[in-house]
>>> print(open('work04.pdb').read())   # PDB, C-alpha atoms
ATOM      1  CA  MET F  17      17.381 -25.617  19.627  1.00  0.00           C
ATOM      2  CA  GLU F  18      17.139 -29.194  18.522  1.00  0.00           C
ATOM      3  CA  VAL F  19      16.240 -32.549  19.940  1.00  0.00           C
ATOM      4  CA  GLU F  20      18.082 -35.456  18.385  1.00  0.00           C
ATOM      5  CA  ARG F  21      17.424 -39.175  18.708  1.00  0.00           C
ATOM      6  CA  GLU F  22      18.744 -42.290  17.003  1.00  0.00           C
ATOM      7  CA  ILE F  23      17.894 -45.968  17.011  1.00  0.00           C
ATOM      8  CA  VAL F  24      19.014 -48.967  14.987  1.00  0.00           C
ATOM      9  CA  VAL F  25      16.319 -51.398  13.894  1.00  0.00           C
ATOM     10  CA  PRO F  26      16.892 -54.782  12.242  1.00  0.00           C
ATOM     11  CA  GLU F  27      14.646 -54.025   9.236  1.00  0.00           C
ATOM     12  CA  SER F  28      15.868 -52.695   5.885  1.00  0.00           C
ATOM     13  CA  PRO F  29      15.635 -48.975   4.983  1.00  0.00           C
ATOM     14  CA  ASP F  30      12.825 -49.842   2.521  1.00  0.00           C
ATOM     15  CA  GLU F  31      10.765 -51.459   5.271  1.00  0.00           C
ATOM     16  CA  VAL F  32      11.351 -48.544   7.642  1.00  0.00           C
ATOM     17  CA  TRP F  33      10.470 -46.105   4.858  1.00  0.00           C
ATOM     18  CA  GLU F  34       6.990 -47.600   4.576  1.00  0.00           C
ATOM     19  CA  ALA F  35       6.457 -46.994   8.273  1.00  0.00           C
ATOM     20  CA  LEU F  36       7.530 -43.362   7.805  1.00  0.00           C
ATOM     21  CA  THR F  37       5.389 -42.504   4.819  1.00  0.00           C
ATOM     22  CA  GLU F  38       2.213 -44.591   4.805  1.00  0.00           C
ATOM     23  CA  PRO F  39      -0.484 -42.941   6.958  1.00  0.00           C
ATOM     24  CA  GLU F  40      -1.841 -46.211   8.346  1.00  0.00           C
ATOM     25  CA  ARG F  41       1.704 -47.224   9.344  1.00  0.00           C
ATOM     26  CA  LEU F  42       2.385 -43.809  10.872  1.00  0.00           C
ATOM     27  CA  GLU F  43      -0.720 -44.316  13.012  1.00  0.00           C
ATOM     28  CA  GLU F  44       1.058 -47.248  14.650  1.00  0.00           C
ATOM     29  CA  TRP F  45       3.816 -45.120  16.100  1.00  0.00           C
ATOM     30  CA  PHE F  46       3.742 -41.430  15.273  1.00  0.00           C
ATOM     31  CA  ALA F  47       0.256 -40.138  15.984  1.00  0.00           C
ATOM     32  CA  THR F  48      -3.267 -41.386  16.561  1.00  0.00           C
ATOM     33  CA  GLU F  49      -4.617 -40.145  13.250  1.00  0.00           C
ATOM     34  CA  VAL F  50      -2.450 -39.340  10.260  1.00  0.00           C
ATOM     35  CA  GLU F  51      -3.087 -37.917   6.813  1.00  0.00           C
ATOM     36  CA  LEU F  52       0.000 -37.573   4.645  1.00  0.00           C
ATOM     37  CA  ASP F  53       0.593 -36.981   0.975  1.00  0.00           C
ATOM     38  CA  ALA F  54       4.125 -38.356   0.887  1.00  0.00           C
ATOM     39  CA  ARG F  55       5.744 -36.371  -1.902  1.00  0.00           C
ATOM     40  CA  PRO F  56       7.683 -33.098  -1.918  1.00  0.00           C
ATOM     41  CA  GLY F  57       5.236 -30.276  -1.197  1.00  0.00           C
ATOM     42  CA  GLY F  58       2.596 -32.754  -0.022  1.00  0.00           C
ATOM     43  CA  GLU F  59       0.469 -31.886   2.993  1.00  0.00           C
ATOM     44  CA  GLY F  60      -0.052 -33.799   6.190  1.00  0.00           C
ATOM     45  CA  VAL F  61      -2.106 -33.614   9.370  1.00  0.00           C
ATOM     46  CA  PHE F  62      -1.124 -35.418  12.563  1.00  0.00           C
ATOM     47  CA  ARG F  63      -3.619 -35.758  15.423  1.00  0.00           C
ATOM     48  CA  TRP F  64      -2.964 -37.124  18.864  1.00  0.00           C
ATOM     49  CA  GLY F  65      -5.276 -38.610  21.463  1.00  0.00           C
ATOM     50  CA  ASP F  66      -4.906 -35.585  23.749  1.00  0.00           C
ATOM     51  CA  GLY F  67      -6.473 -33.328  21.115  1.00  0.00           C
ATOM     52  CA  ASP F  68      -3.170 -31.979  19.843  1.00  0.00           C
ATOM     53  CA  GLU F  69      -3.054 -31.473  16.082  1.00  0.00           C
ATOM     54  CA  ARG F  70      -0.153 -30.422  13.865  1.00  0.00           C
ATOM     55  CA  ALA F  71      -0.221 -29.692  10.163  1.00  0.00           C
ATOM     56  CA  ALA F  72       2.877 -30.344   8.085  1.00  0.00           C
ATOM     57  CA  ILE F  73       4.269 -29.933   4.604  1.00  0.00           C
ATOM     58  CA  VAL F  74       6.799 -32.344   3.123  1.00  0.00           C
ATOM     59  CA  ARG F  75       9.859 -30.195   2.495  1.00  0.00           C
ATOM     60  CA  GLU F  76      12.203 -32.980   1.400  1.00  0.00           C
ATOM     61  CA  LEU F  77      11.697 -36.568   0.450  1.00  0.00           C
ATOM     62  CA  GLU F  78      14.327 -38.990  -0.809  1.00  0.00           C
ATOM     63  CA  GLU F  79      12.928 -42.463  -0.863  1.00  0.00           C
ATOM     64  CA  ALA F  80      14.276 -44.763   1.847  1.00  0.00           C
ATOM     65  CA  GLU F  81      16.776 -42.065   2.830  1.00  0.00           C
ATOM     66  CA  ARG F  82      15.363 -38.818   4.079  1.00  0.00           C
ATOM     67  CA  LEU F  83      12.042 -37.242   5.036  1.00  0.00           C
ATOM     68  CA  VAL F  84      11.763 -33.642   6.230  1.00  0.00           C
ATOM     69  CA  LEU F  85       8.466 -32.218   7.455  1.00  0.00           C
ATOM     70  CA  ASP F  86       7.880 -28.545   8.153  1.00  0.00           C
ATOM     71  CA  TRP F  87       5.343 -27.986  10.920  1.00  0.00           C
ATOM     72  CA  ASP F  88       2.892 -25.130  10.683  1.00  0.00           C
ATOM     73  CA  ASP F  89       4.375 -23.554  13.829  1.00  0.00           C
ATOM     74  CA  GLY F  90       7.702 -23.053  12.046  1.00  0.00           C
ATOM     75  CA  GLY F  91       9.403 -26.111  13.530  1.00  0.00           C
ATOM     76  CA  SER F  92      10.534 -29.102  11.533  1.00  0.00           C
ATOM     77  CA  VAL F  93      11.439 -32.723  11.859  1.00  0.00           C
ATOM     78  CA  ALA F  94      14.033 -34.523   9.749  1.00  0.00           C
ATOM     79  CA  ILE F  95      14.165 -38.317   9.705  1.00  0.00           C
ATOM     80  CA  GLU F  96      17.124 -39.952   7.999  1.00  0.00           C
ATOM     81  CA  LEU F  97      17.661 -43.621   7.296  1.00  0.00           C
ATOM     82  CA  GLU F  98      21.031 -45.215   6.826  1.00  0.00           C
ATOM     83  CA  ARG F  99      21.741 -48.844   6.032  1.00  0.00           C
ATOM     84  CA  VAL F 100      24.066 -50.315   8.645  1.00  0.00           C
ATOM     85  CA  VAL F 101      25.366 -53.835   9.250  1.00  0.00           C
ATOM     86  CA  ASP F 102      22.588 -54.623  11.757  1.00  0.00           C
ATOM     87  CA  GLY F 103      19.752 -53.121   9.710  1.00  0.00           C
ATOM     88  CA  THR F 104      18.854 -49.453   9.546  1.00  0.00           C
ATOM     89  CA  ARG F 105      19.888 -46.478  11.591  1.00  0.00           C
ATOM     90  CA  VAL F 106      16.942 -44.110  12.125  1.00  0.00           C
ATOM     91  CA  HIS F 107      18.114 -40.614  12.955  1.00  0.00           C
ATOM     92  CA  VAL F 108      15.611 -37.948  14.031  1.00  0.00           C
ATOM     93  CA  VAL F 109      16.144 -34.240  14.536  1.00  0.00           C
ATOM     94  CA  GLU F 110      13.233 -32.086  15.682  1.00  0.00           C
ATOM     95  CA  SER F 111      13.990 -28.377  15.526  1.00  0.00           C
ATOM     96  CA  SER F 112      12.202 -25.595  17.277  1.00  0.00           C
ATOM     97  CA  PRO F 113      11.542 -22.677  14.951  1.00  0.00           C
ATOM     98  CA  GLN F 114      13.164 -20.058  17.110  1.00  0.00           C
ATOM     99  CA  PHE F 115      16.641 -20.100  15.649  1.00  0.00           C
ATOM    100  CA  ALA F 116      15.527 -18.727  12.322  1.00  0.00           C
ATOM    101  CA  PRO F 117      16.417 -15.007  12.140  1.00  0.00           C
ATOM    102  CA  ALA F 118      12.850 -13.961  11.284  1.00  0.00           C
ATOM    103  CA  PHE F 119      11.515 -15.709  14.379  1.00  0.00           C
ATOM    104  CA  GLU F 120      14.256 -14.266  16.498  1.00  0.00           C
ATOM    105  CA  LEU F 121      13.350 -10.727  15.426  1.00  0.00           C
ATOM    106  CA  ARG F 122       9.653 -11.348  15.925  1.00  0.00           C
ATOM    107  CA  ALA F 123      10.154 -12.867  19.356  1.00  0.00           C
ATOM    108  CA  MET F 124      12.353  -9.922  20.299  1.00  0.00           C
ATOM    109  CA  ALA F 125       9.731  -7.488  19.081  1.00  0.00           C
ATOM    110  CA  TRP F 126       6.990  -9.252  21.035  1.00  0.00           C
ATOM    111  CA  THR F 127       9.108  -9.251  24.128  1.00  0.00           C
ATOM    112  CA  ALA F 128       9.849  -5.558  23.749  1.00  0.00           C
ATOM    113  CA  LEU F 129       6.121  -4.874  23.361  1.00  0.00           C
ATOM    114  CA  ALA F 130       5.173  -7.073  26.297  1.00  0.00           C
ATOM    115  CA  THR F 131       7.651  -5.392  28.625  1.00  0.00           C
ATOM    116  CA  ALA F 132       7.070  -1.813  27.426  1.00  0.00           C
TER     117      ALA F 132
ATOM    118  CA  MET D 150       0.218 -24.053  26.709  1.00  0.00           C
ATOM    119  CA  ASP D 151       0.467 -21.089  24.331  1.00  0.00           C
ATOM    120  CA  GLY D 152       1.900 -18.912  27.069  1.00  0.00           C
ATOM    121  CA  ALA D 153       4.593 -21.468  27.844  1.00  0.00           C
ATOM    122  CA  ARG D 154       5.362 -21.786  24.159  1.00  0.00           C
ATOM    123  CA  ASP D 155       5.816 -18.007  23.816  1.00  0.00           C
ATOM    124  CA  GLY D 156       8.217 -18.055  26.723  1.00  0.00           C
ATOM    125  CA  VAL D 157      10.206 -20.832  25.104  1.00  0.00           C
ATOM    126  CA  ASP D 158      10.258 -18.906  21.804  1.00  0.00           C
ATOM    127  CA  ARG D 159      11.745 -15.927  23.547  1.00  0.00           C
ATOM    128  CA  VAL D 160      14.439 -17.909  25.267  1.00  0.00           C
ATOM    129  CA  PHE D 161      15.504 -19.708  22.133  1.00  0.00           C
ATOM    130  CA  ALA D 162      15.476 -16.502  20.122  1.00  0.00           C
ATOM    131  CA  ALA D 163      17.782 -14.839  22.595  1.00  0.00           C
ATOM    132  CA  LEU D 164      20.044 -17.886  22.769  1.00  0.00           C
ATOM    133  CA  GLY D 165      20.157 -18.268  18.971  1.00  0.00           C
ATOM    134  CA  ASP D 166      23.308 -16.176  18.873  1.00  0.00           C
ATOM    135  CA  ALA D 167      26.643 -17.585  20.022  1.00  0.00           C
ATOM    136  CA  GLY D 168      27.792 -14.274  21.471  1.00  0.00           C
ATOM    137  CA  ARG D 169      24.676 -13.964  23.595  1.00  0.00           C
ATOM    138  CA  ARG D 170      24.911 -17.576  24.755  1.00  0.00           C
ATOM    139  CA  SER D 171      28.469 -16.984  25.894  1.00  0.00           C
ATOM    140  CA  LEU D 172      27.347 -13.882  27.803  1.00  0.00           C
ATOM    141  CA  VAL D 173      24.635 -15.839  29.624  1.00  0.00           C
ATOM    142  CA  GLU D 174      27.222 -18.459  30.549  1.00  0.00           C
ATOM    143  CA  ALA D 175      29.655 -15.791  31.756  1.00  0.00           C
ATOM    144  CA  VAL D 176      26.987 -14.111  33.899  1.00  0.00           C
ATOM    145  CA  ALA D 177      25.919 -17.490  35.311  1.00  0.00           C
ATOM    146  CA  THR D 178      29.520 -18.399  36.173  1.00  0.00           C
ATOM    147  CA  ARG D 179      30.182 -15.097  37.932  1.00  0.00           C
ATOM    148  CA  GLY D 180      26.833 -14.951  39.696  1.00  0.00           C
ATOM    149  CA  SER D 181      26.402 -11.369  38.524  1.00  0.00           C
ATOM    150  CA  ALA D 182      28.251  -9.077  36.132  1.00  0.00           C
ATOM    151  CA  THR D 183      28.239  -5.657  34.479  1.00  0.00           C
ATOM    152  CA  ALA D 184      28.792  -4.824  30.819  1.00  0.00           C
ATOM    153  CA  THR D 185      32.176  -3.288  31.730  1.00  0.00           C
ATOM    154  CA  GLU D 186      33.359  -6.475  33.451  1.00  0.00           C
ATOM    155  CA  LEU D 187      32.233  -8.698  30.600  1.00  0.00           C
ATOM    156  CA  ALA D 188      33.665  -6.436  27.886  1.00  0.00           C
ATOM    157  CA  ALA D 189      37.056  -6.507  29.607  1.00  0.00           C
ATOM    158  CA  GLU D 190      37.447 -10.208  28.814  1.00  0.00           C
ATOM    159  CA  ARG D 191      36.246 -10.202  25.206  1.00  0.00           C
ATOM    160  CA  PRO D 192      37.225  -8.459  21.984  1.00  0.00           C
ATOM    161  CA  VAL D 193      34.100  -6.285  21.751  1.00  0.00           C
ATOM    162  CA  THR D 194      33.154  -2.856  23.021  1.00  0.00           C
ATOM    163  CA  ARG D 195      31.319  -2.225  26.256  1.00  0.00           C
ATOM    164  CA  GLN D 196      28.457  -0.764  24.196  1.00  0.00           C
ATOM    165  CA  ALA D 197      28.116  -3.968  22.162  1.00  0.00           C
ATOM    166  CA  VAL D 198      28.038  -6.062  25.330  1.00  0.00           C
ATOM    167  CA  ALA D 199      25.520  -3.685  26.942  1.00  0.00           C
ATOM    168  CA  LYS D 200      23.240  -4.025  23.925  1.00  0.00           C
ATOM    169  CA  GLN D 201      23.378  -7.843  24.049  1.00  0.00           C
ATOM    170  CA  LEU D 202      22.759  -7.827  27.792  1.00  0.00           C
ATOM    171  CA  SER D 203      19.726  -5.658  27.360  1.00  0.00           C
ATOM    172  CA  ALA D 204      18.372  -8.001  24.639  1.00  0.00           C
ATOM    173  CA  LEU D 205      18.885 -10.906  27.038  1.00  0.00           C
ATOM    174  CA  GLU D 206      17.082  -8.974  29.735  1.00  0.00           C
ATOM    175  CA  GLU D 207      14.142  -8.364  27.386  1.00  0.00           C
ATOM    176  CA  ALA D 208      14.017 -12.082  26.664  1.00  0.00           C
ATOM    177  CA  GLY D 209      13.734 -12.704  30.393  1.00  0.00           C
ATOM    178  CA  LEU D 210      17.062 -14.528  30.619  1.00  0.00           C
ATOM    179  CA  LEU D 211      18.822 -11.905  32.704  1.00  0.00           C
ATOM    180  CA  ARG D 212      17.600  -9.650  35.429  1.00  0.00           C
ATOM    181  CA  ALA D 213      19.084  -6.181  35.704  1.00  0.00           C
ATOM    182  CA  THR D 214      19.658  -4.236  38.896  1.00  0.00           C
ATOM    183  CA  ARG D 215      20.570  -0.587  38.395  1.00  0.00           C
ATOM    184  CA  ARG D 216      22.700   1.128  40.994  1.00  0.00           C
ATOM    185  CA  GLY D 217      23.688   4.636  39.997  1.00  0.00           C
ATOM    186  CA  ARG D 218      25.394   4.416  36.619  1.00  0.00           C
ATOM    187  CA  GLU D 219      26.081   0.708  36.965  1.00  0.00           C
ATOM    188  CA  THR D 220      23.741  -2.024  35.755  1.00  0.00           C
ATOM    189  CA  ARG D 221      24.374  -5.460  37.201  1.00  0.00           C
ATOM    190  CA  TYR D 222      22.968  -8.567  35.560  1.00  0.00           C
ATOM    191  CA  GLU D 223      22.037 -11.925  37.045  1.00  0.00           C
ATOM    192  CA  VAL D 224      20.631 -15.017  35.377  1.00  0.00           C
ATOM    193  CA  THR D 225      16.906 -15.560  35.916  1.00  0.00           C
ATOM    194  CA  PRO D 226      16.138 -19.268  36.195  1.00  0.00           C
ATOM    195  CA  ALA D 227      12.507 -19.463  35.064  1.00  0.00           C
ATOM    196  CA  PRO D 228      12.753 -19.076  31.245  1.00  0.00           C
ATOM    197  CA  LEU D 229      15.631 -21.556  31.107  1.00  0.00           C
ATOM    198  CA  GLU D 230      13.437 -24.045  32.921  1.00  0.00           C
ATOM    199  CA  ASP D 231      10.906 -23.594  30.116  1.00  0.00           C
ATOM    200  CA  ALA D 232      13.630 -24.323  27.582  1.00  0.00           C
ATOM    201  CA  VAL D 233      14.697 -27.450  29.403  1.00  0.00           C
ATOM    202  CA  GLN D 234      11.064 -28.483  29.677  1.00  0.00           C
ATOM    203  CA  TRP D 235      10.627 -28.125  25.906  1.00  0.00           C
ATOM    204  CA  MET D 236      13.653 -30.330  25.304  1.00  0.00           C
ATOM    205  CA  VAL D 237      12.543 -32.902  27.839  1.00  0.00           C
ATOM    206  CA  SER D 238       8.972 -33.121  26.545  1.00  0.00           C
ATOM    207  CA  VAL D 239       9.944 -33.254  22.853  1.00  0.00           C
ATOM    208  CA  GLY D 240      12.737 -35.700  23.660  1.00  0.00           C
ATOM    209  CA  SER D 241      10.511 -38.053  25.618  1.00  0.00           C
ATOM    210  CA  ALA D 242       7.845 -37.876  22.891  1.00  0.00           C
ATOM    211  CA  TRP D 243      10.478 -39.109  20.416  1.00  0.00           C
ATOM    212  CA  ASP D 244      11.691 -41.807  22.789  1.00  0.00           C
ATOM    213  CA  GLU D 245       8.131 -43.138  22.942  1.00  0.00           C
ATOM    214  CA  ARG D 246       7.553 -42.819  19.193  1.00  0.00           C
ATOM    215  CA  LEU D 247      10.778 -44.587  18.277  1.00  0.00           C
ATOM    216  CA  ALA D 248      10.018 -47.395  20.710  1.00  0.00           C
ATOM    217  CA  ALA D 249       6.574 -47.701  19.079  1.00  0.00           C
ATOM    218  CA  LEU D 250       8.200 -47.617  15.615  1.00  0.00           C
ATOM    219  CA  ARG D 251      10.490 -50.469  16.620  1.00  0.00           C
ATOM    220  CA  ARG D 252       7.512 -52.509  17.871  1.00  0.00           C
ATOM    221  CA  SER D 253       5.517 -51.706  14.747  1.00  0.00           C
ATOM    222  CA  LEU D 254       8.361 -52.757  12.448  1.00  0.00           C
ATOM    223  CA  GLY D 255       8.909 -55.948  14.428  1.00  0.00           C
ATOM    224  CA  GLY D 256       5.252 -56.877  13.963  1.00  0.00           C
ATOM    225  CA  TYR D 257       5.390 -56.405  10.216  1.00  0.00           C
ATOM    226  CA  GLY D 258       8.675 -58.268   9.831  1.00  0.00           C
ATOM    227  CA  LYS D 259       7.310 -61.337  11.624  1.00  0.00           C
ATOM    228  CA  SER D 260       4.141 -61.579   9.551  1.00  0.00           C
ATOM    229  CA  ARG D 261       6.187 -61.491   6.375  1.00  0.00           C
ATOM    230  CA  VAL D 262       8.604 -64.295   7.234  1.00  0.00           C
ATOM    231  CA  SER D 263       5.878 -66.721   8.323  1.00  0.00           C
ATOM    232  CA  ASP D 264       7.686 -69.678   6.775  1.00  0.00           C
ATOM    233  CA  GLN D 265      10.561 -69.249   9.205  1.00  0.00           C
ATOM    234  CA  PRO D 266      10.584 -70.087  12.900  1.00  0.00           C
ATOM    235  CA  PRO D 267       9.830 -67.059  15.063  1.00  0.00           C
ATOM    236  CA  PRO D 268      12.968 -65.170  16.031  1.00  0.00           C
ATOM    237  CA  ALA D 269      14.198 -65.287  19.605  1.00  0.00           C
ATOM    238  CA  SER D 270      12.420 -62.539  21.484  1.00  0.00           C
ATOM    239  CA  ARG D 271      14.394 -59.410  22.159  1.00  0.00           C
ATOM    240  CA  SER D 272      13.667 -57.143  25.043  1.00  0.00           C
TER     241      SER D 272
END
>>> encode(input="work04.pdb", output="structure tokens")
Amino acid sequence: MEVEREIVVPESPDEVWEALTEPERLEEWFATEVELDARPGGEGVFRWGDGDERAAIVRELEEAERLVLDWDDGGSVAIELERVVDGTRVHVVESSPQFAPAFELRAMAWTALATA
Amino acid sequence: MDGARDGVDRVFAALGDAGRRSLVEAVATRGSATATELAAERPVTRQAVAKQLSALEEAGLLRATRRGRETRYEVTPAPLEDAVQWMVSVGSAWDERLAALRRSLGGYGKSRVSDQPPPASRS
């Protein structure tokens, strides 16, 4: 299952890209505390004020176009930028991990165990 | 939190297959159904449908009532509520983040074009 969101901002894709990849910029909108090594395979940690913490690995990175983070729980988030007449379209898809076949099998197995 | 997450995992795993999703929809539409009834309206065997229904039951999406040789299935609402809750909470988190991103970008844009008059405020 996925959650999808989209907004158009007046800034250029380059300007938006900075806000997506620089930790101190990410702390203005994404999470309270952010560490991110913004390159393919780079690691990141996102912490929120409520104590929530998620670790991530950069799966894909195309400058000013596309950033895909894999969360340590198997989920992922893909953020794509597209230049439009009014500025930049920011498109976000957050996926839950459960559609991957391996997760499906594991979840099924757990369920079978839990109900046995 | 972890317990809720496990429940959501289970629901999504079971719904990750188009055939199973269509079975849940069919059971929901009818109120209750048996494998024989559902197999009659699709190009698969009763055994295949029965297997899918039992997987959906294990995932907590369907509840089975056995009467003699017949097993009747109904949709159980609770796990689906978890699924909806996941979507709502992740969706609203992104609504907030994107609104904050817009504000953050606006702030940076203004400081850079200091030689121009401030833009008309947008709501």
>>> axis_aligned_box(input="work04.pdb", around="stretch 188-197 of chain D", padding_each_side="5 Å", output="JSON")
{"center_x": 32.8, "center_y": -5.5, "center_z": 25.7, "size_x": 19.3, "size_y": 19.4, "size_z": 17.9}
>>> closest_residue(input="work04.pdb", among="F:Leu42, F:Asp86, F:Val61, F:Glu81", to="F:His107", atoms="all atoms listed in the file")
F:Glu81
>>> atom_distance(input="work04.pdb", atom1="atom CA of F:Asp102", atom2="atom CA of F:Arg41")
22.3 Å
>>> resolve_selection(input="work04.pdb", expression="the PyMOL selection byres ((chain F and resi 33) around 10)", output="PDB file with C-alpha atoms, in the frame of the given file")
ATOM      1  CA  GLU F  27      14.646 -54.025   9.236  1.00  0.00           C
ATOM      2  CA  SER F  28      15.868 -52.695   5.885  1.00  0.00           C
ATOM      3  CA  PRO F  29      15.635 -48.975   4.983  1.00  0.00           C
ATOM      4  CA  ASP F  30      12.825 -49.842   2.521  1.00  0.00           C
ATOM      5  CA  GLU F  31      10.765 -51.459   5.271  1.00  0.00           C
ATOM      6  CA  VAL F  32      11.351 -48.544   7.642  1.00  0.00           C
ATOM      7  CA  GLU F  34       6.990 -47.600   4.576  1.00  0.00           C
ATOM      8  CA  ALA F  35       6.457 -46.994   8.273  1.00  0.00           C
ATOM      9  CA  LEU F  36       7.530 -43.362   7.805  1.00  0.00           C
ATOM     10  CA  THR F  37       5.389 -42.504   4.819  1.00  0.00           C
ATOM     11  CA  GLU F  38       2.213 -44.591   4.805  1.00  0.00           C
ATOM     12  CA  ARG F  41       1.704 -47.224   9.344  1.00  0.00           C
ATOM     13  CA  GLU F  78      14.327 -38.990  -0.809  1.00  0.00           C
ATOM     14  CA  GLU F  79      12.928 -42.463  -0.863  1.00  0.00           C
ATOM     15  CA  ALA F  80      14.276 -44.763   1.847  1.00  0.00           C
ATOM     16  CA  GLU F  81      16.776 -42.065   2.830  1.00  0.00           C
ATOM     17  CA  ARG F  82      15.363 -38.818   4.079  1.00  0.00           C
ATOM     18  CA  LEU F  83      12.042 -37.242   5.036  1.00  0.00           C
ATOM     19  CA  ILE F  95      14.165 -38.317   9.705  1.00  0.00           C
ATOM     20  CA  GLU F  96      17.124 -39.952   7.999  1.00  0.00           C
ATOM     21  CA  LEU F  97      17.661 -43.621   7.296  1.00  0.00           C
ATOM     22  CA  VAL F 106      16.942 -44.110  12.125  1.00  0.00           C
TER      23      VAL F 106
END
>>> residues_around(input="work04.pdb", residues="stretch 245-253 of chain D", least_positions_apart="2", cutoff="6 Å", atoms="only C-alpha atoms", output="PyMOL selection string")
(chain F and resi 45-46) or (chain D and resi 242-243+255-256)
>>> atom_distance(input="work04.pdb", atom1="atom CA of F:Gly103", atom2="atom CA of F:Pro26")
4.2 Å
>>> resolve_selection(input="work04.pdb", expression="the PyMOL selection byres ((chain D and resi 172) around 10)", output="list in words")
Leu164, Ala167, Gly168, Arg169, Arg170, Ser171, Val173, Glu174, Ala175, Val176, Ala177, Thr178, Ala182, Ala184, Leu187, Ala188, Arg191, Val198, Gln201, Leu202 and Leu205 of chain D
>>> atom_distance(input="work04.pdb", atom1="atom CA of F:Ala54", atom2="atom CA of F:Leu77")
7.8 Å
>>> closest_residue(input="work04.pdb", among="D:Glu186, D:Val237, D:Asp244, D:Glu207", to="D:Thr225", atoms="all atoms listed in the file")
D:Glu207
>>> closest_residue(input="work04.pdb", among="D:Ser203, D:Thr194, D:Thr185, D:Thr214", to="chain F", atoms="only C-alpha atoms")
D:Ser203
>>> closest_residue(input="work04.pdb", among="F:Ile73, F:Val101, F:Val19, F:Ala47", to="F:Glu59", atoms="all atoms listed in the file")
F:Ile73
>>> closest_residue(input="work04.pdb", among="F:Glu40, F:Asp66, F:Glu110, F:Asp88", to="chain D", atoms="only C-alpha atoms")
F:Glu110
>>> closest_residue(input="work04.pdb", among="D:Gly240, D:Ser181, D:Lys200, D:Arg221", to="chain F", atoms="only C-alpha atoms")
D:Gly240
>>> residues_near_point(input="work04.pdb", point="(7.8, -29.5, 14.4)", cutoff="9 Å", atoms="all atoms listed in the file", output="VMD selection string")
chain F and resid 70 72 85 to 93 110 to 113
>>> resolve_selection(input="work04.pdb", expression="the PyMOL selection byres ((chain D and resi 212) around 6)", output="PDB file with C-alpha atoms, keeping the file's coordinate frame")
ATOM      1  CA  GLU D 206      17.082  -8.974  29.735  1.00  0.00           C
ATOM      2  CA  LEU D 211      18.822 -11.905  32.704  1.00  0.00           C
ATOM      3  CA  ALA D 213      19.084  -6.181  35.704  1.00  0.00           C
ATOM      4  CA  TYR D 222      22.968  -8.567  35.560  1.00  0.00           C
ATOM      5  CA  GLU D 223      22.037 -11.925  37.045  1.00  0.00           C
ATOM      6  CA  THR D 225      16.906 -15.560  35.916  1.00  0.00           C
TER       7      THR D 225
END
>>> decode(input="work04.pdb", residues="stretch 167-179 of chain D", atoms="N, CA and C atoms", output="mmCIF file, in the first residue's frame")
data_model
loop_
_atom_site.group_PDB
_atom_site.id
_atom_site.type_symbol
_atom_site.label_atom_id
_atom_site.label_comp_id
_atom_site.auth_asym_id
_atom_site.auth_seq_id
_atom_site.Cartn_x
_atom_site.Cartn_y
_atom_site.Cartn_z
ATOM 1 N N ALA D 167 -3.995 -9.315 -6.149
ATOM 2 C CA ALA D 167 -5.227 -8.803 -6.755
ATOM 3 C C ALA D 167 -6.388 -9.785 -6.597
ATOM 4 N N GLY D 168 -6.091 -11.065 -6.738
ATOM 5 C CA GLY D 168 -7.140 -12.074 -6.609
ATOM 6 C C GLY D 168 -7.761 -12.065 -5.230
ATOM 7 N N ARG D 169 -6.891 -11.922 -4.213
ATOM 8 C CA ARG D 169 -7.403 -11.913 -2.837
ATOM 9 C C ARG D 169 -8.186 -10.636 -2.557
ATOM 10 N N ARG D 170 -7.694 -9.512 -3.106
ATOM 11 C CA ARG D 170 -8.432 -8.254 -2.903
ATOM 12 C C ARG D 170 -9.835 -8.371 -3.479
ATOM 13 N N SER D 171 -9.920 -8.985 -4.672
ATOM 14 C CA SER D 171 -11.229 -9.080 -5.313
ATOM 15 C C SER D 171 -12.146 -10.007 -4.514
ATOM 16 N N LEU D 172 -11.565 -11.016 -3.858
ATOM 17 C CA LEU D 172 -12.384 -11.893 -3.014
ATOM 18 C C LEU D 172 -12.929 -11.141 -1.798
ATOM 19 N N VAL D 173 -12.069 -10.319 -1.183
ATOM 20 C CA VAL D 173 -12.533 -9.544 -0.020
ATOM 21 C C VAL D 173 -13.683 -8.628 -0.440
ATOM 22 N N GLU D 174 -13.511 -7.994 -1.600
ATOM 23 C CA GLU D 174 -14.574 -7.110 -2.099
ATOM 24 C C GLU D 174 -15.865 -7.893 -2.339
ATOM 25 N N ALA D 175 -15.730 -9.079 -2.950
ATOM 26 C CA ALA D 175 -16.913 -9.884 -3.253
ATOM 27 C C ALA D 175 -17.619 -10.308 -1.969
ATOM 28 N N VAL D 176 -16.846 -10.711 -0.964
ATOM 29 C CA VAL D 176 -17.452 -11.121 0.312
ATOM 30 C C VAL D 176 -18.140 -9.924 0.968
ATOM 31 N N ALA D 177 -17.477 -8.758 0.914
ATOM 32 C CA ALA D 177 -18.045 -7.551 1.517
ATOM 33 C C ALA D 177 -19.357 -7.174 0.840
ATOM 34 N N THR D 178 -19.388 -7.278 -0.492
ATOM 35 C CA THR D 178 -20.588 -6.914 -1.251
ATOM 36 C C THR D 178 -21.756 -7.833 -0.912
ATOM 37 N N ARG D 179 -21.444 -9.144 -0.800
ATOM 38 C CA ARG D 179 -22.521 -10.105 -0.534
ATOM 39 C C ARG D 179 -22.928 -10.153 0.931
#
